[in-house]
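**Q** There's a structure below that I have some questions on.
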Amino acid sequence: MSSEPQNTGRPQTFFSKKYLFISIALSILTMAGVIYYTYTPGVLHHLKPKRLPGLGIALVVSLLRVWFLAAKIRFLSEKKLDWMASTRVVLAWDFTSAVTPSTIGGAPMATYAMTKEGLKLGDAGAIILYGVLLDQLWFAMAIPILLFAGIFYEVVPAEIGLVGDVSMGLLYVGLLSYASVLAYGVLVNPAAIKKIVKVVFKLPLLRRMSDKIEVEAENLEQYAEQLRRKPLSFLLKAFFLSTMSWLCRIALPTIVVLSLLPAPEILSVLRSLAMNLAFLVVPTPGGSGGVEGLFVLFQGPLITREGFIGLAVFVWRIISYYISIGLGMMATTWYVNQKVVEIQAQD
């Protein structure tokens with residue numbers, strides 16, 4: 001694969017300042033609305049100092065999530081990336097995901113970052129593809145857990161009504177279908193991915209991009225073939241690292257809620273899992289506006305003091321979103337500076 005083209009784009013092309021502004025603005029406005037409608041005078045007097053160290057635990061868990069993701073990237077690169085490089089890739093990926101619509105995501109930026117860290121474009125593409133597969137396998141495992149738990153717990157809040165129940169059902173079906181197709185294509189029959197991509201891009205609205213997609217589909221088949229030859233032990237270890245990063249993400253809302261006041265722990269975790277799946281289809285940049293609303297719908301009924309709902313949303317987003325944006329901007333700035341150094345060296 002020595003003839004692969006290098007990813008010569010600029011880091012700024014993978015995210016938009018407009019999307020960054022929209023993402024932050026939607027998040028702030030939604031949190032302000034939640035706080036306005038749920039705030040109760042004197043609510044902070046009910047905070048228990050013995051619970052507040054839990055917020056420190058939440059921060060540690062958030063950092064652990066980044067560490068597990070970096071470990072996964074490093075492992076998938078077969079240690080061609082060192083720890084610092086893997087961490088930069090994850091932070092840049094997180095940042096771009098947080099400020100772009102879910103249909104775009106952070107994969108293009110992650111691919112660019114890995115090429116700037118010394119990987120070939122094909123190797124970076126294979127890592128992205130395998131990472132997506134691992135996430136889909138996790139979703140495929142999580143959905144039966146939620147369905148079984150639903151027999152004993154009200155995992156999907158009654159407040160979301162019939163429309164919400166149907167939407168969650170369709171989401172489960174969609175995720176399982178996608179996971180099945182991707183797993184079959186990567187692990188069993190890589191040629192199937194190419195065929196599916198070609199069929200999809202024969203649709204009228206997508207036909208004009210069919211020539212470009214033809215080339216990308218060929219590359220995708222090659223990447224999938226590389227991954228299919230990996231031993232089962234490779235898949236299991238990578239899946240473990242991916243699972244641990246997801247468990248950190250799932251645990252975070254529950255830890256934040258329990259840092260403020262008592263709540264049913266198991267139900268909170270199950271609802272956190274369900275709402276994280278629902279986050280996947282929020283169309284706004286980084287899910288802003290929608291994820292705060294979903295937090296209120298899923299976790300709000302478990303918070304006995306209404307005045308704490310806005311506080312919980314605020315703290316959770318600071319730890320899970322705003323810190324990620326800050327760290328991610330630092331990582332992305334590093335790649336911008338690297339690009340400037342390359343241009344100056346060429347001159």
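FYI, nothing fancy with the structure tokens labels: chains A, B, ... in order, residues from 1 per chain, ligands from 1 as they appear.
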Please, which residues in stretch 114-185 of chain A fall within 12 Å of stretch 82-103 of chain A when counting only C-alpha atoms, and what is the closest atom pair and distance in Å to one decimal for each, ordered by chain then residue number, as JSON lines?

**A**
{"residue": "A:Met114", "atom": "CA", "partner": "A:Val89", "partner_atom": "CA", "distance": 6.5}
{"residue": "A:Thr115", "atom": "CA", "partner": "A:Val89", "partner_atom": "CA", "distance": 10.0}
{"residue": "A:Lys116", "atom": "CA", "partner": "A:Ala85", "partner_atom": "CA", "distance": 9.5}
{"residue": "A:Glu117", "atom": "CA", "partner": "A:Ala85", "partner_atom": "CA", "distance": 6.4}
{"residue": "A:Gly118", "atom": "CA", "partner": "A:Ala85", "partner_atom": "CA", "distance": 9.5}
{"residue": "A:Leu119", "atom": "CA", "partner": "A:Ala85", "partner_atom": "CA", "distance": 10.8}
{"residue": "A:Ala124", "atom": "CA", "partner": "A:Val89", "partner_atom": "CA", "distance": 10.9}
{"residue": "A:Ile127", "atom": "CA", "partner": "A:Val89", "partner_atom": "CA", "distance": 11.7}
{"residue": "A:Ile128", "atom": "CA", "partner": "A:Trp93", "partner_atom": "CA", "distance": 10.7}
{"residue": "A:Gly131", "atom": "CA", "partner": "A:Val90", "partner_atom": "CA", "distance": 11.7}

**Q** With C-alpha atoms retained, export the selected residues as an mmCIF file, in the first residue's frame.

**A**
data_model
loop_
_atom_site.group_PDB
_atom_site.id
_atom_site.type_symbol
_atom_site.label_atom_id
_atom_site.label_comp_id
_atom_site.auth_asym_id
_atom_site.auth_seq_id
_atom_site.Cartn_x
_atom_site.Cartn_y
_atom_site.Cartn_z
ATOM 1 C CA MET A 114 -3.136 9.549 12.601
ATOM 2 C CA THR A 115 -1.488 10.349 9.265
ATOM 3 C CA LYS A 116 0.212 13.348 10.876
ATOM 4 C CA GLU A 117 1.447 10.993 13.608
ATOM 5 C CA GLY A 118 3.178 8.872 10.960
ATOM 6 C CA LEU A 119 0.628 6.238 9.944
ATOM 7 C CA ALA A 124 -5.514 4.943 9.656
ATOM 8 C CA ILE A 127 -8.152 1.601 12.545
ATOM 9 C CA ILE A 128 -11.201 3.841 12.096
ATOM 10 C CA GLY A 131 -13.048 1.180 15.913
#

**Q** Mind giving me the straight-line distance from atom CA of A:Glu306 to atom CA of A:Ile24 in Å, one decimal?

**A**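 Between atom CA of A:Glu306 and atom CA of A:Ile24 the gap works out to 24.6 Å.
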
**Q** Write out as a list in words which residues come within 6 Å of stretch 291-302 of chain A when counting only C-alpha atoms, dropping same-chain ones fewer than 4 positions away.

**A**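 Using only C-alpha atoms, the neighbours found are Ala263, Arg271, Gly287 and Ile309 of chain A.
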
**Q** Would you write out those residues with C-alpha atoms, as a PDB file, in the first residue's frame?

**A**
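That gives us out.pdb:
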ATOM      1  CA  ALA A 263     -30.887   7.916  43.625  1.00  0.00           C
ATOM      2  CA  ARG A 271     -31.122   4.782  31.885  1.00  0.00           C
ATOM      3  CA  GLY A 287     -25.753  16.553  20.084  1.00  0.00           C
ATOM      4  CA  ILE A 309     -31.870  18.726  37.959  1.00  0.00           C
TER       5      ILE A 309
END

**Q** Between stretch 301-335 of chain A and stretch 28-35 of chain A, at 8 Å or less, what are the per-residue closest atom pairs and their distances in Å? Count only C-alpha atoms, order by chain and rising residue number, and return it as JSON lines.

**A**
{"residue": "A:Gly307", "atom": "CA", "partner": "A:Ile35", "partner_atom": "CA", "distance": 7.7}
{"residue": "A:Ile309", "atom": "CA", "partner": "A:Ile35", "partner_atom": "CA", "distance": 7.4}
{"residue": "A:Gly310", "atom": "CA", "partner": "A:Ile35", "partner_atom": "CA", "distance": 4.3}
{"residue": "A:Leu311", "atom": "CA", "partner": "A:Ile35", "partner_atom": "CA", "distance": 7.0}
{"residue": "A:Val313", "atom": "CA", "partner": "A:Met31", "partner_atom": "CA", "distance": 6.8}
{"residue": "A:Phe314", "atom": "CA", "partner": "A:Met31", "partner_atom": "CA", "distance": 6.4}

**Q** Using only C-alpha atoms, which of A:Leu260, A:Ala331, A:Thr254, A:Leu277 sits nearest A:His46?

**A**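 Comparing A:Leu260, A:Ala331, A:Thr254, A:Leu277 against A:His46, the winner is A:Leu260.
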
**Q** Please provide as a list in words all residues within 10 Å of stretch 320-322 of chain A, with the sequence filter that same-chain residues fewer than 6 positions apart are discarded (counting only C-alpha atoms).

**A**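 Once the adjacent positions are removed, what remains is Ile24, Ser27, Ala58, Leu59, Val61, Ser62, Leu63, Asp94, Phe95, Ala98, Val99, Arg249, Leu252, Pro253, Gly286, Ser288 and Gly328 of chain A.
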
**Q** Using only C-alpha atoms, which residue out of A:Gly174, A:Gly105, A:Pro283, A:Gly56 lies closest to A:Ile319?

**A**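 Smallest separation from A:Ile319 among the options: A:Gly56.
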
**Q** Kindly indicate which residue among A:Thr333, A:Ser242, A:Thr284, A:Thr304 lies nearest to A:Leu26, using only C-alpha atoms for the distances.

**A**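 Of the candidates, the smallest distance to A:Leu26 is held by A:Thr284.
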
**Q** Go through A:Tyr223, A:Ile303, A:Val155, A:Leu241 and flag the residue nearest A:Asp135, using only C-alpha atoms for the distances.

**A**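 Distance minimum relative to A:Asp135 lands on A:Leu241.
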
**Q** In terms of the shortest atom-to-atom distance over only C-alpha atoms, which of A:Leu134, A:Val315, A:Gly122, A:Tyr37 is closest to A:Leu236?

**A** A:Leu134

**Q** Using Å and a single decimal, report how far atom CA of A:Ala251 sits from atom CA of A:Met141.

**A** 16.7 Å

**Q** Of the candidates A:Leu133, A:Leu20, A:Val156, A:Ala149, which one gets nearest to A:Leu235 if we count only C-alpha atoms?

**A**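 Among the listed residues, A:Leu133 lies closest to A:Leu235.
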
**Q** Work out how far atom CA of A:Lys237 is from atom CA of A:Met109, in Å to one decimal.

**A**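 Atom-to-atom, atom CA of A:Met109 to atom CA of A:Lys237, that is 24.8 Å.
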
**Q** Need to verify the contact set: A:Leu171, 10 Å, only C-alpha atoms, exclusion of same-chain residues closer than 5 positions in sequence. Can you return it as a PyMOL selection string?

**A** chain A and resi 143+165-166+176-177+277-278+280-281

**Q** Take the residues that were just selected and, keeping C-alpha atoms, output them as a PDB file, in the first residue's frame.

**A**
ATOM      1  CA  ILE A 143     -29.365  -3.637  23.569  1.00  0.00           C
ATOM      2  CA  ASP A 165     -41.016   4.009  23.089  1.00  0.00           C
ATOM      3  CA  VAL A 166     -41.416   3.513  19.333  1.00  0.00           C
ATOM      4  CA  LEU A 176     -28.519  -4.101  15.612  1.00  0.00           C
ATOM      5  CA  SER A 177     -28.986  -4.157  11.843  1.00  0.00           C
ATOM      6  CA  LEU A 277     -27.684   5.109  22.666  1.00  0.00           C
ATOM      7  CA  ALA A 278     -30.296   7.793  22.006  1.00  0.00           C
ATOM      8  CA  LEU A 280     -26.327   8.712  18.580  1.00  0.00           C
ATOM      9  CA  VAL A 281     -29.251  10.059  16.556  1.00  0.00           C
TER      10      VAL A 281
END

**Q** Quick one: pick out all helix (DSSP H, G or I) residues within stretch 278-346 of chain A from a backbone DSSP run and write them as a PyMOL selection string.

**A** chain A and resi 278-279+285-287+290-302+307-346
